[in-house]
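Comments concern the structure below.
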Amino acid sequence: MTNVPERIKRLPELATDLWWTWNPQAREVFRRLDYLLWRQTAHNPVLMLRQVSTELLDQAAQDENFLAVYDAAMDALDGARTARDTWWQHRFSDNPGPIAYFSAEFALHQSLPIYAGGLGVLAGDHCKEASDLGLPLIGVGFMYPQGYFHQSVSPEGWQKESYERLNWNDAPIEPAITADGNPCIVPVPLGNRSVLVKVWRVRLGRVKLYLLDTDLEENAPWDRELTARLYGGDRETRVQQEIVLGIGGVRALKALGSEPAVWHLNEGHAAFVVLQRIRDLIEIGASFDAALEEVRESTVFTTHTPVPAGHDAFPFNLVETHLAGCWGTLGEYRDRFMQLGAYDNGNGPQFNMTALALRTAKGVNAVSKLHGVVTREMWAPMWPGVPEDERPVRSITNGIHMPAWLSNEMARLFDDYLPGDWRDRHDEPEVWRGVSDIPDEALWQARGLLRDYLFAFIRERARHRWRDEQASTARVVAAGTLLDPNALTIGFARRFTGYKRPELIFHDPERLQKILNASRRPVQIVFAGKAHPADETGKHHLQQVYRRAIDPQFGGRIAFVDDYDLHVAHFLVQGCDIWLNNPRKPLEASGTSGMKASINGVPHFSIGDGWWAEGYTRENGWVIDAGDQADADAQDAADAARIYELLESEIVPAFFDRDKGIPRRWLSVVRQAIVTVAPRFSARRMVKDYVELMYAPALRHRAGVGR
């Protein structure tokens, strides 16, 4: 890193604490330092500080305006780390904890590509909000030196995956250090061998995140690859990864001197946590039954999907092979432990990670009200004879971290028209009443700026593809260079997979073409998203969307923005006009992208599934409801027809009917989207719900045991 003058010597500290990602004061420091470099590095201050010139740093250290911003940011960071007057401390004056939060992926910033999609975004937002509320939360996940794949598209529209090894010097990470001052490295038994796992630390204000990495010289080549990529490899690799996450994660926390009061398993990937914890308790004299009960009382589990493929299940012999060295004093209870994961999902009994988590967690939750109903029905065999409403699965609907996803333009409006402390109280509905006071002209101007930023970003990205990658003309067109800044812009950005039906809007191409190419009321669609490398169906969907983007019939009004990540997502959820979501109901557990869009004034246009089933109010967006049809094909046809009807009769007229250049009817929907979604679907509300409904019972149990 470039030598930093003494006066601003804490710049590297600010750059490596991802607290900066959701705090405008901190972002402004790097913007002011070198705005061009800030953009060229895709907002990665660690990389930026390695490239910035000594001359600029020296100038900054003598610039009173820059120093005022820098000092304010450092004071805010210190306050975020050390403040005593937090919501958590008001709720728990004795400050119990910590809470260990295990997840296979965390989406924190694009400079740390250890996420693939919604699960990681939710985990990242959970951690950021925990920091804001003062929770003593510790995240545990994987380092993934090769991260998730970069996506490009061939001239034929076929997704191509490439992996780029992370440059450790460009990432906001550092080795985790034990109390004796040494890097934290723990052994994890796998089969008949031991694999060493190095632990990295990421700072997030008050929250710490520990990431596990097997890429050590001491390990065999095949073991070094275990944590190389997110969701890579076959089922054998997957079960080994999950052993490393669960058992290695518990061992890492113990080596770092942490004794969690609550263990939160974010999806079943981390369920082997309970094996190591039961073994540890048996080793200090507990019986198997007492150990299991103690683990259950302090474990909470969140399930995120009703799609069967999302619940990892392995043959018993495969699990037994790789757990061979893990049993220790738990060995005589091996069969009882294996039975905790036994579940027959229709293909014969297997070891199911979700079943293991359900049987070993006292608190279990789904991620929307509708998902709760689906989950209780889906896993009914776990509770034979128990009525649906008595099965122990509650619902805590997902939320988004407001400071991370809200645009600067909308935040400035809220500063002008909401109470001065709206940031601290944004989960309170009454705070948002002031949105009705924002003049139409000011709201429309802010929305226009966000649309301009999106189109500038798309054009610049296409220019980059053409200049640096010699992309074909067709690919440059497909990237969105012909988009019209005055057209109604529909956003569709999510993982490309069958149940999300990315091609649904093309069901009747002639009717869609007329909607898109209307001379006075044009409409356009921006697509983005990756298909899992092993999802051939998803790749075919992507290919068909790409072909539509280069089809002259649509006149350049379809775009596909490749290599979707957090950076792209911010432009899309802030800059589109309306957010489309059309999954096959009820397979969308929750979804959160529509929440991010809504708080930025981008109304949701969705099937009544996931969060929208409880979020839709008739005034804050549109629901696609064509009724239940006889089969999938009939449902697709009916849902597509309903999309066209809503566009033709309601959405397009509301957007283009203008009074002195202002679409007042449209802005009334925009206002309602903000007012109804911001407080109710915020991560602040969500994390408070987790504390009250899931963590507090475990903490009360621990307090009772301690007395």
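Numbering starts fresh at 1 for the residues of each chain in the structure tokens, the chains themselves are lettered A, B, ... in the order given, and ligands are numbered from 1 as they appear.
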Quick check for you: according to DSSP on this backbone, which residues of segment 130-228 of chain A are classed as alpha helix (DSSP H)? Reply as a list in words.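 DSSP-assigned alpha helix (DSSP H) residues in segment 130-228 of chain A: Ala130, Ser131, Asp132, Leu133, Pro221, Trp222, Asp223 and Arg224 of chain A.
By only C-alpha atoms, and with residues fewer than 3 positions from Asp484 of chain A along its chain excluded, the set lying at most 9 Å from it is Phe455, Thr481, Ala487, Leu488, Thr489, Pro522, Val523, Gln524, Gly556 and Arg557 of chain A.
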Do you know which residues are at most 12 Å from segment 687-693 of chain A counting only C-alpha atoms, after dropping those on the same chain fewer than 5 positions away, and could you put them as a PyMOL selection string? chain A and resi 87-88+91-92+96-97+99+101+122-123+125-137+262+264+300-302+362-367+393-401+427+680-682+698-700
Output for the residues just chosen: C-alpha atoms as a short mmCIF file (atom, residue, chain, number, x, y, z; two decimals), in the first residue's frame:
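Writing the result to out_4.cif gives the following:
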```cif
data_model
loop_
_atom_site.label_atom_id
_atom_site.label_comp_id
_atom_site.auth_asym_id
_atom_site.auth_seq_id
_atom_site.Cartn_x
_atom_site.Cartn_y
_atom_site.Cartn_z
CA TRP A 87 -30.41 -0.90 20.90
CA TRP A 88 -28.88 -4.22 21.98
CA ARG A 91 -32.54 -4.63 25.33
CA PHE A 92 -29.92 -6.69 27.22
CA PRO A 96 -24.81 -11.46 26.80
CA GLY A 97 -23.33 -13.11 23.77
CA ILE A 99 -24.04 -14.83 18.65
CA TYR A 101 -23.86 -16.77 12.64
CA LEU A 122 -29.29 -11.73 3.21
CA ALA A 123 -26.35 -12.85 5.37
CA ASP A 125 -27.34 -7.44 5.37
CA HIS A 126 -27.93 -9.35 8.62
CA CYS A 127 -24.33 -8.70 9.69
CA LYS A 128 -24.42 -5.01 8.74
CA GLU A 129 -27.63 -4.41 10.66
CA ALA A 130 -26.28 -6.37 13.63
CA SER A 131 -23.38 -3.92 13.70
CA ASP A 132 -25.72 -0.92 13.61
CA LEU A 133 -27.89 -2.30 16.43
CA GLY A 134 -24.88 -3.27 18.56
CA LEU A 135 -25.36 -7.05 18.51
CA PRO A 136 -22.24 -9.01 19.54
CA LEU A 137 -22.46 -11.08 16.37
CA VAL A 262 -26.40 -18.55 20.47
CA HIS A 264 -27.45 -19.42 14.23
CA VAL A 300 -31.53 -21.47 15.84
CA PHE A 301 -31.98 -22.41 12.19
CA THR A 302 -33.21 -20.45 9.18
CA LYS A 362 -34.98 -25.11 19.26
CA GLY A 363 -35.86 -22.13 17.09
CA VAL A 364 -36.66 -22.66 13.40
CA ASN A 365 -37.88 -20.02 10.97
CA ALA A 366 -38.85 -19.58 7.35
CA VAL A 367 -38.23 -16.27 5.56
CA VAL A 393 -41.54 -23.34 12.23
CA ARG A 394 -42.25 -19.63 12.62
CA SER A 395 -41.85 -16.94 9.98
CA ILE A 396 -39.46 -14.00 10.06
CA THR A 397 -39.76 -12.24 6.73
CA ASN A 398 -36.47 -11.13 5.21
CA GLY A 399 -35.48 -7.49 5.16
CA ILE A 400 -32.80 -5.36 3.53
CA HIS A 401 -30.13 -3.20 5.12
CA ASP A 427 -38.14 0.71 10.99
CA ARG A 680 -41.68 -3.16 7.32
CA PHE A 681 -39.09 -4.87 5.14
CA SER A 682 -35.94 -3.38 6.61
CA ALA A 698 -31.62 -19.11 23.87
CA LEU A 699 -30.12 -16.33 25.96
CA ARG A 700 -32.72 -16.86 28.69
#
```
Shell around Lys539 of chain A at 12 Å using only C-alpha atoms, local window under 5 positions removed, as number ranges by chain: A: 151-154, 156-161, 495-498, 502-503, 529-534, 544-546
So that I can see what lies close to Glu441 of chain A, please list as number ranges by chain the residues with an atom at most 12 Å from it, counting only C-alpha atoms and leaving out residues fewer than 4 positions away in the same chain. A: 413, 437, 445-448, 658-664, 667
Since we have the selection now, will you write its residues out, keeping all heavy atoms, as an mmCIF file, in the first residue's frame?
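This is the output file selection33.cif:
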```cif
data_model
loop_
_atom_site.group_PDB
_atom_site.id
_atom_site.type_symbol
_atom_site.label_atom_id
_atom_site.label_comp_id
_atom_site.auth_asym_id
_atom_site.auth_seq_id
_atom_site.Cartn_x
_atom_site.Cartn_y
_atom_site.Cartn_z
ATOM 1 N N LEU A 413 -33.338 13.463 -0.220
ATOM 2 C CA LEU A 413 -34.748 13.852 -0.120
ATOM 3 C C LEU A 413 -35.289 13.552 1.278
ATOM 4 O O LEU A 413 -36.004 14.366 1.870
ATOM 5 C CB LEU A 413 -35.579 13.090 -1.158
ATOM 6 C CG LEU A 413 -35.642 13.635 -2.581
ATOM 7 C CD1 LEU A 413 -36.586 12.783 -3.413
ATOM 8 C CD2 LEU A 413 -36.094 15.091 -2.605
ATOM 9 N N ASP A 437 -44.903 14.679 1.822
ATOM 10 C CA ASP A 437 -44.598 16.108 1.703
ATOM 11 C C ASP A 437 -43.567 16.401 0.620
ATOM 12 O O ASP A 437 -43.331 17.580 0.295
ATOM 13 C CB ASP A 437 -44.070 16.640 3.043
ATOM 14 C CG ASP A 437 -45.104 16.549 4.152
ATOM 15 O OD1 ASP A 437 -46.305 16.659 3.845
ATOM 16 O OD2 ASP A 437 -44.702 16.356 5.316
ATOM 17 N N GLN A 445 -37.343 14.475 -10.148
ATOM 18 C CA GLN A 445 -35.970 14.849 -10.475
ATOM 19 C C GLN A 445 -34.979 13.828 -9.913
ATOM 20 O O GLN A 445 -34.020 13.433 -10.591
ATOM 21 C CB GLN A 445 -35.653 16.239 -9.928
ATOM 22 C CG GLN A 445 -34.237 16.719 -10.261
ATOM 23 C CD GLN A 445 -33.941 18.078 -9.671
ATOM 24 O OE1 GLN A 445 -34.383 18.409 -8.570
ATOM 25 N NE2 GLN A 445 -33.194 18.898 -10.401
ATOM 26 N N ALA A 446 -35.203 13.385 -8.677
ATOM 27 C CA ALA A 446 -34.312 12.381 -8.079
ATOM 28 C C ALA A 446 -34.379 11.073 -8.857
ATOM 29 O O ALA A 446 -33.341 10.444 -9.130
ATOM 30 C CB ALA A 446 -34.694 12.154 -6.619
ATOM 31 N N ARG A 447 -35.575 10.674 -9.224
ATOM 32 C CA ARG A 447 -35.725 9.441 -10.001
ATOM 33 C C ARG A 447 -35.030 9.594 -11.364
ATOM 34 O O ARG A 447 -34.420 8.646 -11.866
ATOM 35 C CB ARG A 447 -37.207 9.111 -10.210
ATOM 36 C CG ARG A 447 -37.964 8.653 -8.963
ATOM 37 C CD ARG A 447 -37.466 7.316 -8.415
ATOM 38 N NE ARG A 447 -37.241 6.404 -9.515
ATOM 39 C CZ ARG A 447 -36.203 5.575 -9.588
ATOM 40 N NH1 ARG A 447 -35.291 5.545 -8.641
ATOM 41 N NH2 ARG A 447 -36.070 4.770 -10.628
ATOM 42 N N GLY A 448 -35.112 10.771 -11.947
ATOM 43 C CA GLY A 448 -34.441 10.995 -13.230
ATOM 44 C C GLY A 448 -32.935 10.880 -13.121
ATOM 45 O O GLY A 448 -32.276 10.322 -14.012
ATOM 46 N N ARG A 658 -48.730 12.675 -18.248
ATOM 47 C CA ARG A 658 -47.954 13.724 -17.592
ATOM 48 C C ARG A 658 -48.781 14.994 -17.390
ATOM 49 O O ARG A 658 -49.608 15.359 -18.227
ATOM 50 C CB ARG A 658 -46.700 14.066 -18.419
ATOM 51 C CG ARG A 658 -45.817 12.865 -18.772
ATOM 52 C CD ARG A 658 -45.036 12.340 -17.593
ATOM 53 N NE ARG A 658 -44.415 11.059 -17.834
ATOM 54 C CZ ARG A 658 -43.157 10.904 -18.280
ATOM 55 N NH1 ARG A 658 -42.411 11.962 -18.550
ATOM 56 N NH2 ARG A 658 -42.667 9.687 -18.450
ATOM 57 N N ASP A 659 -48.521 15.642 -16.298
ATOM 58 C CA ASP A 659 -49.090 16.954 -15.996
ATOM 59 C C ASP A 659 -47.916 17.905 -15.819
ATOM 60 O O ASP A 659 -47.173 17.817 -14.838
ATOM 61 C CB ASP A 659 -49.921 16.871 -14.712
ATOM 62 C CG ASP A 659 -50.402 18.233 -14.230
ATOM 63 O OD1 ASP A 659 -50.411 19.187 -15.042
ATOM 64 O OD2 ASP A 659 -50.742 18.347 -13.038
ATOM 65 N N LYS A 660 -47.735 18.805 -16.800
ATOM 66 C CA LYS A 660 -46.575 19.698 -16.804
ATOM 67 C C LYS A 660 -45.268 18.898 -16.727
ATOM 68 O O LYS A 660 -44.326 19.278 -16.042
ATOM 69 C CB LYS A 660 -46.659 20.691 -15.652
ATOM 70 C CG LYS A 660 -47.887 21.593 -15.703
ATOM 71 C CD LYS A 660 -47.943 22.530 -14.514
ATOM 72 C CE LYS A 660 -49.196 23.400 -14.576
ATOM 73 N NZ LYS A 660 -49.301 24.289 -13.397
ATOM 74 N N GLY A 661 -45.260 17.758 -17.445
ATOM 75 C CA GLY A 661 -44.065 16.934 -17.522
ATOM 76 C C GLY A 661 -43.882 15.968 -16.371
ATOM 77 O O GLY A 661 -42.891 15.222 -16.340
ATOM 78 N N ILE A 662 -44.829 15.947 -15.434
ATOM 79 C CA ILE A 662 -44.690 15.115 -14.238
ATOM 80 C C ILE A 662 -45.741 13.996 -14.259
ATOM 81 O O ILE A 662 -46.936 14.273 -14.406
ATOM 82 C CB ILE A 662 -44.881 15.944 -12.953
ATOM 83 C CG1 ILE A 662 -43.925 17.132 -12.933
ATOM 84 C CG2 ILE A 662 -44.686 15.061 -11.717
ATOM 85 C CD1 ILE A 662 -42.474 16.779 -12.811
ATOM 86 N N PRO A 663 -45.340 12.725 -14.108
ATOM 87 C CA PRO A 663 -46.301 11.615 -14.068
ATOM 88 C C PRO A 663 -46.873 11.451 -12.657
ATOM 89 O O PRO A 663 -46.440 10.598 -11.878
ATOM 90 C CB PRO A 663 -45.450 10.407 -14.469
ATOM 91 C CG PRO A 663 -44.085 10.732 -13.955
ATOM 92 C CD PRO A 663 -43.945 12.235 -14.062
ATOM 93 N N ARG A 664 -47.864 12.242 -12.313
ATOM 94 C CA ARG A 664 -48.322 12.327 -10.923
ATOM 95 C C ARG A 664 -48.956 11.018 -10.436
ATOM 96 O O ARG A 664 -48.788 10.629 -9.275
ATOM 97 C CB ARG A 664 -49.268 13.509 -10.756
ATOM 98 C CG ARG A 664 -48.590 14.827 -11.172
ATOM 99 C CD ARG A 664 -49.360 16.061 -10.760
ATOM 100 N NE ARG A 664 -48.763 17.253 -11.394
ATOM 101 C CZ ARG A 664 -47.707 17.901 -10.921
ATOM 102 N NH1 ARG A 664 -47.120 17.488 -9.817
ATOM 103 N NH2 ARG A 664 -47.227 18.962 -11.552
ATOM 104 N N LEU A 667 -46.131 8.698 -9.616
ATOM 105 C CA LEU A 667 -45.419 9.072 -8.395
ATOM 106 C C LEU A 667 -46.211 8.728 -7.139
ATOM 107 O O LEU A 667 -45.627 8.530 -6.069
ATOM 108 C CB LEU A 667 -45.067 10.557 -8.421
ATOM 109 C CG LEU A 667 -43.999 10.946 -9.451
ATOM 110 C CD1 LEU A 667 -43.737 12.448 -9.409
ATOM 111 C CD2 LEU A 667 -42.696 10.181 -9.231
#
```
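Close contacts of Gln339 of chain A, defined as residues with an atom at most 10 Å away when counting only C-alpha atoms, with chain neighbours fewer than 3 positions off set aside, comprise Phe316, Arg334, Asp335, Arg336, Ala342, Tyr343, Gln350, Phe351, Asn352, Ala355, Leu356 and Arg359 of chain A.
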Can you work out the spacing between atom CA of Ile243 of chain A and atom CA of Asn182 of chain A in Å, to one decimal? 24.2 Å
Of the candidates A:Glu645, A:Glu619, A:Asp213, A:Glu460, which one gets nearest to Gln146 of chain A if we count only C-alpha atoms? A:Asp213
Kindly indicate which residue among A:Ile458, A:Val202, A:Leu318, A:Pro155 lies nearest to Ser472 of chain A, using only C-alpha atoms for the distances.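 Looking only at the distances to Ser472 of chain A, the closest residue turns out to be A:Pro155.
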Using only C-alpha atoms, which residue out of A:Ala404, A:Asn65, A:Phe149, A:Cys576 lies closest to Arg165 of chain A?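 Selected residue with least distance to Arg165 of chain A: A:Phe149.
The closest residue to Val273 of chain A, picked from A:Glu536, A:Thr360, A:His567, A:Glu218 and counting only C-alpha atoms, is A:Thr360.
Computed from the coordinates, the atom CA of Pro315 of chain A to atom CA of Phe272 of chain A distance equals 15.5 Å.
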Find the residue from A:Asn169, A:Arg201, A:Glu320, A:Leu253 that sits nearest to Glu236 of chain A; use only C-alpha atoms when measuring.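 Looking at the shortest contact to Glu236 of chain A, the residue is A:Glu320.
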Compile the contact shell of segment 622-634 of chain A as a PDB file with C-alpha atoms, in the first residue's frame: residues with an atom at most 9 Å away, counting only C-alpha atoms, same-chain residues fewer than 4 positions apart removed.
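Written output follows (selection15.pdb):
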```pdb
ATOM      1  CA  ASN A 582     -42.413 -13.768 -11.982  1.00  0.00           C
ATOM      2  CA  ARG A 584     -43.485 -20.138 -10.245  1.00  0.00           C
ATOM      3  CA  PRO A 603     -42.364  -0.153  -7.621  1.00  0.00           C
ATOM      4  CA  HIS A 604     -42.557  -3.944  -7.528  1.00  0.00           C
ATOM      5  CA  PHE A 605     -44.413  -5.826 -10.300  1.00  0.00           C
ATOM      6  CA  SER A 606     -44.567  -9.434  -9.168  1.00  0.00           C
ATOM      7  CA  ILE A 607     -46.334 -12.718  -8.709  1.00  0.00           C
ATOM      8  CA  GLY A 608     -47.911 -12.803  -5.238  1.00  0.00           C
ATOM      9  CA  TRP A 612     -44.841  -9.686  -1.990  1.00  0.00           C
ATOM     10  CA  ALA A 613     -47.704 -11.901  -0.806  1.00  0.00           C
ATOM     11  CA  TYR A 616     -48.629  -5.790  -1.704  1.00  0.00           C
ATOM     12  CA  THR A 617     -51.252  -3.191  -0.677  1.00  0.00           C
ATOM     13  CA  ARG A 618     -52.977  -2.474  -4.054  1.00  0.00           C
ATOM     14  CA  ALA A 638     -52.170 -17.001 -18.085  1.00  0.00           C
ATOM     15  CA  ASP A 639     -49.445 -15.234 -16.103  1.00  0.00           C
ATOM     16  CA  ALA A 640     -47.835 -13.839 -19.263  1.00  0.00           C
ATOM     17  CA  ALA A 641     -51.186 -12.562 -20.497  1.00  0.00           C
ATOM     18  CA  ARG A 642     -51.737 -10.845 -17.162  1.00  0.00           C
ATOM     19  CA  ILE A 643     -48.315  -9.171 -17.405  1.00  0.00           C
ATOM     20  CA  LEU A 646     -51.203  -4.757 -16.635  1.00  0.00           C
ATOM     21  CA  ILE A 651     -48.488   0.585 -15.823  1.00  0.00           C
TER      22      ILE A 651
END
```
